[in-house]
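Q: One structure coming up, written as structure tokens, with questions to follow.
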Amino acid sequence: MSGAGGETSPNAGAAALPTTDVVVAGAAGRMGNRIIACLADTPDLRLVAALEAPGHASLGRDAGELAGVGKAGVAVDGDAAAVITRDRVLIEFSVPEASLEHLRLVARLGARAVIGTTGFTAAQRAEVTELASRAAILLSPNMSVATNVAFKLLATMAKALGDEYDIEITETHHRFKKAAALGRELDQVAVYGRQGLPGERAKREIGILSLRSGDVVGEHTVSFGTLGERLELVHKAHNRDTYARGALRAARFVAGRPPGLYSMADVLGLA
């Protein structure tokens with residue numbers, strides 16, 4: 001999808017790519033800052049608007065300067081209705097209430113959105129699904145490309161290895177919410193840490209050790225062990241740019257899509 005007027009990047013030359021106009025909501029947040037910074041190096045995606053909540057201290061400031069990449073010529077705005085338009089892609093990592101408010105605008109206009117916001121309730125998620133019948137919405141709690149490939153690999157590993165292999169997860173930052181490939185719900189089988197004398201390990205339990213340490217962005221190790229061998233899958237995120245660049249990849253994908261609810265698995269051809 002081209003930006004308004006079908007413009008192309010002025011420095012792209014003969015091999016110019018269509019330029020997609022992007023609105024970043026939550027622009028002053030940690031992820032908003034990194035998305036804006038990464039957009040500075042992405043000629044086919046153009047920052048045209050930056051959003052923050054009405055009354056936010058960053059309103060009126062230059063979004064590029066706020067992100068530490070120099071003047072972008074885009075001031076942080078508090079009026080979502082003024083900057084979310086049909087020909088733009090919204091990228092947002094914020095809070096569920098704000099994201100839903102913006103998605104209602106996206107749906108009304110038939111626009112497109114990439115949402116990395118987490119913490120939606122079941123009712124809010126149902127509303128997102130309904131809104132996606134009128135607009136292309138990509139929703140993912142984790143935009144890392146490698147993490148989403150890992151999810152696919154873990155499903156294959158879990159199905160192939162089955163209940164004979166003990167599963168242990170060590171994570172820093174994010175929690176694996178479901179063990180869908182094994183048909184297990186974590187609230188039924190998870191054991192968070194162990195102390196004292198816990199007794200013999202239940203066959204279907206999943207052990208989870210959660211660490212919170214310094215400025216670690218995210219690390220996960222999933223171990224499948226049985227008598228005689230152990231298989232591990234490890235992912236380490238070194239900085240938030242991995243999530244920002246994943247969101248930009250998602251924006252490219254969703255820019256040309258019809259209404260529907262998409263995920264990073266769709267972006268990566270893993271669905």
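Please note that chains go A, B, ... in the order of the structure tokens, that every chain numbers its residues from 1, and that ligands are numbered from 1 in the order shown.
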Which residues are near Ala113 in chain A? Cut-off 9 Å, only C-alpha atoms, ignore same chain within fewer than 6 positions. Put them as number ranges by chain.

A: A: 88-92, 103, 106, 135-139, 251, 254-255

Q: Quick one: residues within 8 Å of range 43-51 of chain A, only C-alpha atoms counted, chain neighbours fewer than 4 positions away excluded, as JSON, numbers by chain?

A: {"A": [8, 9, 12, 17, 18, 19, 20, 21, 22, 23, 24, 25, 26, 27, 36, 39, 63, 74, 75, 76, 77, 78, 79, 80, 83, 248, 252]}

Q: Calculate how many Å separate CA of His238 in chain A from CA of Cys38 in chain A, rounding to one decimal.

A: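 It comes out at 15.3 Å.
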
Q: From the set A:Gly119, A:Gly29, A:Gly110, A:Gly218, which residue has the shortest atom-to-atom contact distance to Arg134 in chain A, counting only C-alpha atoms?

A: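 Smallest separation from Arg134 in chain A among the options: A:Gly110.
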
Q: Kindly indicate which residue among A:Phe253, A:Gly214, A:Ala132, A:Ala53 lies nearest to Ala111 in chain A, using only C-alpha atoms for the distances.

A: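 Closest candidate: A:Ala132.
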
Q: Need the shell around Glu219 in chain A: protein/DNA/RNA residues with any atom at most 8 Å away, counting only C-alpha atoms. Skip same-chain ones fewer than 5 positions apart. Format as a ChimeraX atom specification?

A: /A:171-173,234-237

Q: Limited to N, CA, C and O atoms, could you put the picked residues into a file as a tab-separated table (two decimals), in the first residue's frame?

A:
chain	number	residue	atom	x	y	z
A	171	GLU	N	12.47	-18.72	32.09
A	171	GLU	CA	12.21	-17.52	31.31
A	171	GLU	C	12.54	-16.27	32.10
A	171	GLU	O	12.42	-16.23	33.32
A	172	THR	N	12.99	-15.28	31.35
A	172	THR	CA	13.18	-13.95	31.92
A	172	THR	C	12.42	-12.97	31.05
A	172	THR	O	12.75	-12.83	29.87
A	173	HIS	N	11.39	-12.38	31.60
A	173	HIS	CA	10.57	-11.34	30.97
A	173	HIS	C	9.18	-11.81	30.56
A	173	HIS	O	8.22	-11.28	31.04
A	234	VAL	N	16.71	-22.55	22.85
A	234	VAL	CA	17.05	-21.32	23.58
A	234	VAL	C	16.86	-20.12	22.67
A	234	VAL	O	17.27	-20.12	21.51
A	235	HIS	N	16.20	-19.09	23.20
A	235	HIS	CA	16.09	-17.81	22.50
A	235	HIS	C	16.52	-16.69	23.43
A	235	HIS	O	16.11	-16.64	24.59
A	236	LYS	N	17.36	-15.75	22.91
A	236	LYS	CA	17.80	-14.60	23.68
A	236	LYS	C	17.58	-13.34	22.84
A	236	LYS	O	18.05	-13.25	21.72
A	237	ALA	N	16.85	-12.39	23.41
A	237	ALA	CA	16.67	-11.09	22.77
A	237	ALA	C	17.68	-10.12	23.38
A	237	ALA	O	17.68	-9.90	24.59

Q: Based on DSSP run over this structure's backbone, return all residues of range 3-247 of chain A in strand (DSSP E or B), as an mmCIF file with N, CA, C and O atoms, in the first residue's frame.

A:
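Writing the result to result39.cif gives the following:
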data_model
loop_
_atom_site.group_PDB
_atom_site.id
_atom_site.type_symbol
_atom_site.label_atom_id
_atom_site.label_comp_id
_atom_site.auth_asym_id
_atom_site.auth_seq_id
_atom_site.Cartn_x
_atom_site.Cartn_y
_atom_site.Cartn_z
ATOM 1 N N THR A 8 6.708 7.716 -3.471
ATOM 2 C CA THR A 8 7.788 6.781 -3.240
ATOM 3 C C THR A 8 8.916 7.488 -2.530
ATOM 4 O O THR A 8 8.974 8.709 -2.470
ATOM 5 N N PRO A 18 7.298 1.289 -3.144
ATOM 6 C CA PRO A 18 6.162 2.050 -2.617
ATOM 7 C C PRO A 18 6.396 2.356 -1.138
ATOM 8 O O PRO A 18 6.939 1.536 -0.407
ATOM 9 N N THR A 20 4.959 3.104 2.520
ATOM 10 C CA THR A 20 3.799 2.953 3.382
ATOM 11 C C THR A 20 3.897 3.961 4.530
ATOM 12 O O THR A 20 4.915 4.042 5.210
ATOM 13 N N ASP A 21 2.836 4.726 4.722
ATOM 14 C CA ASP A 21 2.800 5.725 5.783
ATOM 15 C C ASP A 21 2.400 5.068 7.100
ATOM 16 O O ASP A 21 1.419 4.324 7.159
ATOM 17 N N VAL A 22 3.164 5.366 8.154
ATOM 18 C CA VAL A 22 3.014 4.696 9.446
ATOM 19 C C VAL A 22 2.696 5.710 10.543
ATOM 20 O O VAL A 22 3.307 6.781 10.614
ATOM 21 N N VAL A 23 1.745 5.346 11.394
ATOM 22 C CA VAL A 23 1.432 6.089 12.608
ATOM 23 C C VAL A 23 1.888 5.240 13.793
ATOM 24 O O VAL A 23 1.483 4.075 13.908
ATOM 25 N N VAL A 24 2.723 5.781 14.657
ATOM 26 C CA VAL A 24 3.185 5.045 15.833
ATOM 27 C C VAL A 24 2.469 5.584 17.062
ATOM 28 O O VAL A 24 2.619 6.755 17.424
ATOM 29 N N ALA A 25 1.678 4.744 17.711
ATOM 30 C CA ALA A 25 1.014 5.108 18.966
ATOM 31 C C ALA A 25 1.861 4.620 20.136
ATOM 32 O O ALA A 25 2.592 3.637 20.013
ATOM 33 N N LEU A 45 9.103 2.456 4.618
ATOM 34 C CA LEU A 45 8.114 2.789 5.643
ATOM 35 C C LEU A 45 8.414 4.198 6.137
ATOM 36 O O LEU A 45 9.546 4.499 6.507
ATOM 37 N N ARG A 46 7.400 5.044 6.174
ATOM 38 C CA ARG A 46 7.618 6.448 6.508
ATOM 39 C C ARG A 46 6.781 6.859 7.718
ATOM 40 O O ARG A 46 5.559 6.702 7.723
ATOM 41 N N LEU A 47 7.441 7.383 8.730
ATOM 42 C CA LEU A 47 6.739 7.908 9.899
ATOM 43 C C LEU A 47 6.036 9.202 9.511
ATOM 44 O O LEU A 47 6.673 10.181 9.113
ATOM 45 N N VAL A 48 4.702 9.205 9.634
ATOM 46 C CA VAL A 48 3.941 10.414 9.305
ATOM 47 C C VAL A 48 3.212 10.981 10.520
ATOM 48 O O VAL A 48 2.754 12.125 10.482
ATOM 49 N N ALA A 49 3.101 10.189 11.597
ATOM 50 C CA ALA A 49 2.423 10.677 12.792
ATOM 51 C C ALA A 49 2.859 9.851 13.993
ATOM 52 O O ALA A 49 3.174 8.666 13.873
ATOM 53 N N ALA A 50 2.889 10.515 15.149
ATOM 54 C CA ALA A 50 3.225 9.861 16.413
ATOM 55 C C ALA A 50 2.173 10.251 17.438
ATOM 56 O O ALA A 50 1.835 11.430 17.564
ATOM 57 N N LEU A 51 1.657 9.255 18.158
ATOM 58 C CA LEU A 51 0.551 9.477 19.086
ATOM 59 C C LEU A 51 0.952 9.216 20.532
ATOM 60 O O LEU A 51 1.705 8.275 20.818
ATOM 61 N N ASP A 62 9.309 16.689 18.974
ATOM 62 C CA ASP A 62 9.624 15.977 17.749
ATOM 63 C C ASP A 62 9.852 14.495 18.061
ATOM 64 O O ASP A 62 10.633 14.156 18.959
ATOM 65 N N ALA A 75 5.669 15.905 14.964
ATOM 66 C CA ALA A 75 5.414 16.231 16.367
ATOM 67 C C ALA A 75 4.481 15.207 16.986
ATOM 68 O O ALA A 75 3.546 14.721 16.338
ATOM 69 N N VAL A 76 4.733 14.860 18.242
ATOM 70 C CA VAL A 76 3.861 13.923 18.957
ATOM 71 C C VAL A 76 2.501 14.582 19.162
ATOM 72 O O VAL A 76 2.394 15.701 19.656
ATOM 73 N N ASP A 77 1.446 13.862 18.752
ATOM 74 C CA ASP A 77 0.073 14.381 18.734
ATOM 75 C C ASP A 77 -0.777 13.610 19.736
ATOM 76 O O ASP A 77 -0.510 12.444 20.037
ATOM 77 N N ARG A 88 -3.100 4.873 6.086
ATOM 78 C CA ARG A 88 -1.968 4.709 6.991
ATOM 79 C C ARG A 88 -2.071 3.408 7.788
ATOM 80 O O ARG A 88 -3.160 2.901 8.010
ATOM 81 N N VAL A 89 -0.901 2.906 8.208
ATOM 82 C CA VAL A 89 -0.840 1.718 9.063
ATOM 83 C C VAL A 89 -0.494 2.157 10.479
ATOM 84 O O VAL A 89 0.525 2.812 10.704
ATOM 85 N N LEU A 90 -1.340 1.812 11.419
ATOM 86 C CA LEU A 90 -1.088 2.081 12.828
ATOM 87 C C LEU A 90 -0.207 0.989 13.415
ATOM 88 O O LEU A 90 -0.473 -0.194 13.213
ATOM 89 N N ILE A 91 0.843 1.380 14.134
ATOM 90 C CA ILE A 91 1.646 0.425 14.904
ATOM 91 C C ILE A 91 1.562 0.847 16.361
ATOM 92 O O ILE A 91 1.852 1.999 16.695
ATOM 93 N N GLU A 92 1.170 -0.079 17.222
ATOM 94 C CA GLU A 92 0.938 0.313 18.620
ATOM 95 C C GLU A 92 1.368 -0.745 19.614
ATOM 96 O O GLU A 92 1.003 -1.915 19.508
ATOM 97 N N ARG A 112 -5.581 -0.125 8.541
ATOM 98 C CA ARG A 112 -4.819 -1.314 8.927
ATOM 99 C C ARG A 112 -4.027 -1.025 10.191
ATOM 100 O O ARG A 112 -3.647 0.116 10.444
ATOM 101 N N ALA A 113 -3.743 -2.089 10.956
ATOM 102 C CA ALA A 113 -3.053 -1.880 12.227
ATOM 103 C C ALA A 113 -2.199 -3.084 12.592
ATOM 104 O O ALA A 113 -2.534 -4.230 12.268
ATOM 105 N N VAL A 114 -1.094 -2.797 13.273
ATOM 106 C CA VAL A 114 -0.214 -3.811 13.866
ATOM 107 C C VAL A 114 -0.197 -3.530 15.364
ATOM 108 O O VAL A 114 0.228 -2.454 15.794
ATOM 109 N N ILE A 115 -0.661 -4.487 16.163
ATOM 110 C CA ILE A 115 -0.824 -4.283 17.601
ATOM 111 C C ILE A 115 0.043 -5.270 18.377
ATOM 112 O O ILE A 115 -0.141 -6.482 18.292
ATOM 113 N N ALA A 136 -7.918 -4.771 8.378
ATOM 114 C CA ALA A 136 -6.807 -5.708 8.525
ATOM 115 C C ALA A 136 -6.064 -5.381 9.820
ATOM 116 O O ALA A 136 -5.467 -4.311 9.945
ATOM 117 N N ILE A 137 -6.121 -6.295 10.791
ATOM 118 C CA ILE A 137 -5.483 -6.091 12.087
ATOM 119 C C ILE A 137 -4.541 -7.256 12.364
ATOM 120 O O ILE A 137 -4.945 -8.422 12.321
ATOM 121 N N LEU A 138 -3.288 -6.939 12.621
ATOM 122 C CA LEU A 138 -2.324 -7.965 13.018
ATOM 123 C C LEU A 138 -2.066 -7.808 14.502
ATOM 124 O O LEU A 138 -1.626 -6.756 14.952
ATOM 125 N N LEU A 139 -2.394 -8.840 15.248
ATOM 126 C CA LEU A 139 -2.258 -8.825 16.706
ATOM 127 C C LEU A 139 -1.287 -9.915 17.131
ATOM 128 O O LEU A 139 -1.469 -11.086 16.792
ATOM 129 N N ASP A 166 9.965 -34.807 29.956
ATOM 130 C CA ASP A 166 9.651 -33.760 30.921
ATOM 131 C C ASP A 166 9.934 -32.397 30.302
ATOM 132 O O ASP A 166 10.959 -32.207 29.642
ATOM 133 N N ILE A 167 9.033 -31.446 30.522
ATOM 134 C CA ILE A 167 9.204 -30.105 29.974
ATOM 135 C C ILE A 167 9.490 -29.127 31.097
ATOM 136 O O ILE A 167 8.747 -29.050 32.077
ATOM 137 N N GLU A 168 10.577 -28.384 30.949
ATOM 138 C CA GLU A 168 10.965 -27.359 31.912
ATOM 139 C C GLU A 168 11.229 -26.065 31.146
ATOM 140 O O GLU A 168 11.889 -26.078 30.104
ATOM 141 N N ILE A 169 10.723 -24.952 31.668
ATOM 142 C CA ILE A 169 10.899 -23.652 31.031
ATOM 143 C C ILE A 169 11.576 -22.704 32.010
ATOM 144 O O ILE A 169 11.132 -22.563 33.146
ATOM 145 N N THR A 170 12.644 -22.083 31.550
ATOM 146 C CA THR A 170 13.264 -21.000 32.301
ATOM 147 C C THR A 170 13.087 -19.738 31.481
ATOM 148 O O THR A 170 13.459 -19.700 30.305
ATOM 149 N N GLU A 171 12.473 -18.723 32.085
ATOM 150 C CA GLU A 171 12.209 -17.516 31.306
ATOM 151 C C GLU A 171 12.542 -16.267 32.098
ATOM 152 O O GLU A 171 12.422 -16.233 33.323
ATOM 153 N N THR A 172 12.988 -15.275 31.353
ATOM 154 C CA THR A 172 13.181 -13.952 31.923
ATOM 155 C C THR A 172 12.424 -12.966 31.049
ATOM 156 O O THR A 172 12.745 -12.834 29.872
ATOM 157 N N LYS A 178 0.478 -20.924 27.221
ATOM 158 C CA LYS A 178 -0.203 -22.186 26.945
ATOM 159 C C LYS A 178 0.774 -23.210 26.396
ATOM 160 O O LYS A 178 1.784 -22.864 25.791
ATOM 161 N N ALA A 179 0.454 -24.459 26.624
ATOM 162 C CA ALA A 179 1.194 -25.560 26.010
ATOM 163 C C ALA A 179 0.244 -26.236 25.042
ATOM 164 O O ALA A 179 -0.093 -27.407 25.160
ATOM 165 N N ARG A 184 -2.367 -29.055 26.779
ATOM 166 C CA ARG A 184 -2.326 -28.790 28.210
ATOM 167 C C ARG A 184 -2.496 -27.286 28.461
ATOM 168 O O ARG A 184 -1.939 -26.469 27.752
ATOM 169 N N GLU A 185 -3.242 -26.955 29.496
ATOM 170 C CA GLU A 185 -3.380 -25.576 29.933
ATOM 171 C C GLU A 185 -2.456 -25.364 31.131
ATOM 172 O O GLU A 185 -2.450 -26.153 32.076
ATOM 173 N N ALA A 190 1.115 -26.350 35.284
ATOM 174 C CA ALA A 190 2.350 -25.621 35.562
ATOM 175 C C ALA A 190 2.745 -25.733 37.029
ATOM 176 O O ALA A 190 1.903 -25.709 37.924
ATOM 177 N N VAL A 191 4.047 -25.839 37.263
ATOM 178 C CA VAL A 191 4.629 -25.775 38.596
ATOM 179 C C VAL A 191 5.663 -24.667 38.555
ATOM 180 O O VAL A 191 6.673 -24.770 37.856
ATOM 181 N N TYR A 192 5.406 -23.573 39.283
ATOM 182 C CA TYR A 192 6.263 -22.401 39.231
ATOM 183 C C TYR A 192 7.301 -22.458 40.347
ATOM 184 O O TYR A 192 7.029 -22.141 41.496
ATOM 185 N N ILE A 206 4.486 -29.138 33.788
ATOM 186 C CA ILE A 206 5.467 -28.301 33.111
ATOM 187 C C ILE A 206 6.076 -27.380 34.159
ATOM 188 O O ILE A 206 5.380 -26.578 34.776
ATOM 189 N N GLY A 207 7.363 -27.545 34.391
ATOM 190 C CA GLY A 207 8.048 -26.725 35.375
ATOM 191 C C GLY A 207 8.454 -25.389 34.783
ATOM 192 O O GLY A 207 8.981 -25.332 33.666
ATOM 193 N N ILE A 208 8.208 -24.308 35.507
ATOM 194 C CA ILE A 208 8.537 -22.967 35.023
ATOM 195 C C ILE A 208 9.297 -22.223 36.109
ATOM 196 O O ILE A 208 8.831 -22.102 37.241
ATOM 197 N N LEU A 209 10.472 -21.723 35.739
ATOM 198 C CA LEU A 209 11.260 -20.891 36.634
ATOM 199 C C LEU A 209 11.348 -19.507 36.012
ATOM 200 O O LEU A 209 11.871 -19.349 34.913
ATOM 201 N N SER A 210 10.809 -18.511 36.688
ATOM 202 C CA SER A 210 10.782 -17.142 36.176
ATOM 203 C C SER A 210 11.846 -16.306 36.875
ATOM 204 O O SER A 210 11.902 -16.273 38.105
ATOM 205 N N LEU A 211 12.671 -15.631 36.085
ATOM 206 C CA LEU A 211 13.729 -14.784 36.605
ATOM 207 C C LEU A 211 13.480 -13.336 36.212
ATOM 208 O O LEU A 211 12.988 -13.056 35.122
ATOM 209 N N GLY A 218 14.834 -10.292 27.244
ATOM 210 C CA GLY A 218 14.043 -11.511 27.199
ATOM 211 C C GLY A 218 14.896 -12.720 26.879
ATOM 212 O O GLY A 218 15.657 -12.698 25.908
ATOM 213 N N GLU A 219 14.810 -13.740 27.695
ATOM 214 C CA GLU A 219 15.503 -15.003 27.440
ATOM 215 C C GLU A 219 14.573 -16.149 27.799
ATOM 216 O O GLU A 219 13.899 -16.103 28.820
ATOM 217 N N HIS A 220 14.557 -17.163 26.947
ATOM 218 C CA HIS A 220 13.734 -18.342 27.215
ATOM 219 C C HIS A 220 14.534 -19.602 26.889
ATOM 220 O O HIS A 220 15.192 -19.668 25.846
ATOM 221 N N THR A 221 14.464 -20.565 27.763
ATOM 222 C CA THR A 221 14.997 -21.897 27.484
ATOM 223 C C THR A 221 13.890 -22.907 27.754
ATOM 224 O O THR A 221 13.324 -22.927 28.847
ATOM 225 N N VAL A 222 13.593 -23.722 26.766
ATOM 226 C CA VAL A 222 12.613 -24.788 26.921
ATOM 227 C C VAL A 222 13.360 -26.115 26.783
ATOM 228 O O VAL A 222 14.013 -26.363 25.771
ATOM 229 N N SER A 223 13.274 -26.929 27.826
ATOM 230 C CA SER A 223 14.013 -28.178 27.877
ATOM 231 C C SER A 223 13.058 -29.366 27.852
ATOM 232 O O SER A 223 12.082 -29.401 28.608
ATOM 233 N N PHE A 224 13.331 -30.321 26.971
ATOM 234 C CA PHE A 224 12.596 -31.589 26.903
ATOM 235 C C PHE A 224 13.569 -32.683 27.331
ATOM 236 O O PHE A 224 14.567 -32.939 26.650
ATOM 237 N N GLY A 225 13.311 -33.316 28.464
ATOM 238 C CA GLY A 225 14.249 -34.310 28.971
ATOM 239 C C GLY A 225 13.607 -35.638 29.282
ATOM 240 O O GLY A 225 12.466 -35.704 29.761
ATOM 241 N N THR A 226 14.339 -36.703 29.011
ATOM 242 C CA THR A 226 13.907 -38.045 29.379
ATOM 243 C C THR A 226 15.138 -38.829 29.810
ATOM 244 O O THR A 226 16.252 -38.294 29.823
ATOM 245 N N GLU A 229 18.685 -38.505 27.658
ATOM 246 C CA GLU A 229 18.918 -37.380 26.748
ATOM 247 C C GLU A 229 18.069 -36.171 27.115
ATOM 248 O O GLU A 229 17.060 -36.284 27.829
ATOM 249 N N ARG A 230 18.505 -35.024 26.613
ATOM 250 C CA ARG A 230 17.764 -33.794 26.810
ATOM 251 C C ARG A 230 17.903 -32.937 25.547
ATOM 252 O O ARG A 230 18.985 -32.807 24.987
ATOM 253 N N LEU A 231 16.788 -32.351 25.127
ATOM 254 C CA LEU A 231 16.768 -31.463 23.966
ATOM 255 C C LEU A 231 16.319 -30.086 24.420
ATOM 256 O O LEU A 231 15.286 -29.950 25.092
ATOM 257 N N GLU A 232 17.091 -29.030 24.071
ATOM 258 C CA GLU A 232 16.767 -27.686 24.506
ATOM 259 C C GLU A 232 16.663 -26.726 23.329
ATOM 260 O O GLU A 232 17.423 -26.827 22.357
ATOM 261 N N LEU A 233 15.729 -25.785 23.455
ATOM 262 C CA LEU A 233 15.623 -24.689 22.507
ATOM 263 C C LEU A 233 15.784 -23.395 23.289
ATOM 264 O O LEU A 233 15.101 -23.182 24.292
ATOM 265 N N VAL A 234 16.711 -22.547 22.852
ATOM 266 C CA VAL A 234 17.045 -21.321 23.576
ATOM 267 C C VAL A 234 16.855 -20.116 22.674
ATOM 268 O O VAL A 234 17.275 -20.121 21.510
ATOM 269 N N HIS A 235 16.200 -19.086 23.200
ATOM 270 C CA HIS A 235 16.093 -17.806 22.496
ATOM 271 C C HIS A 235 16.522 -16.692 23.426
ATOM 272 O O HIS A 235 16.115 -16.641 24.587
ATOM 273 N N LYS A 236 17.356 -15.754 22.906
ATOM 274 C CA LYS A 236 17.799 -14.600 23.677
ATOM 275 C C LYS A 236 17.579 -13.338 22.844
ATOM 276 O O LYS A 236 18.050 -13.254 21.716
ATOM 277 N N ALA A 237 16.850 -12.392 23.412
ATOM 278 C CA ALA A 237 16.668 -11.087 22.773
ATOM 279 C C ALA A 237 17.676 -10.125 23.382
ATOM 280 O O ALA A 237 17.676 -9.900 24.595
#

Q: So how far away is CA of Ser99 in chain A from CA of Arg125 in chain A, in Å?

A: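 Interatomic distance here is 11.1 Å.
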
Q: Using only C-alpha atoms for the distances, tell me which of A:Ala28, A:Ala40, A:Ala82, A:Arg249 is nearest to Arg61 in chain A.

A: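 Ranked by minimum distance to Arg61 in chain A, first place goes to A:Ala28.
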
Q: Looking only at the backbone, which of the residues in range 66-269 of chain A does DSSP tag as helix (DSSP H, G or I), as a ChimeraX atom specification?

A: /A:66,80-83,96-109,122-131,145-164,180-182,186-189,241-255,264-267

Q: Please indicate the distance in Å from CA of Ala37 in chain A to CA of Arg245 in chain A, rounded to one decimal place.

A: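 So the answer is 10.1 Å.
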
Q: Given only C-alpha atoms as the basis, pick out the residue of A:Ala57, A:Met264, A:Thr242, A:Ser213 nearest to Pro141 in chain A.

A: A:Met264
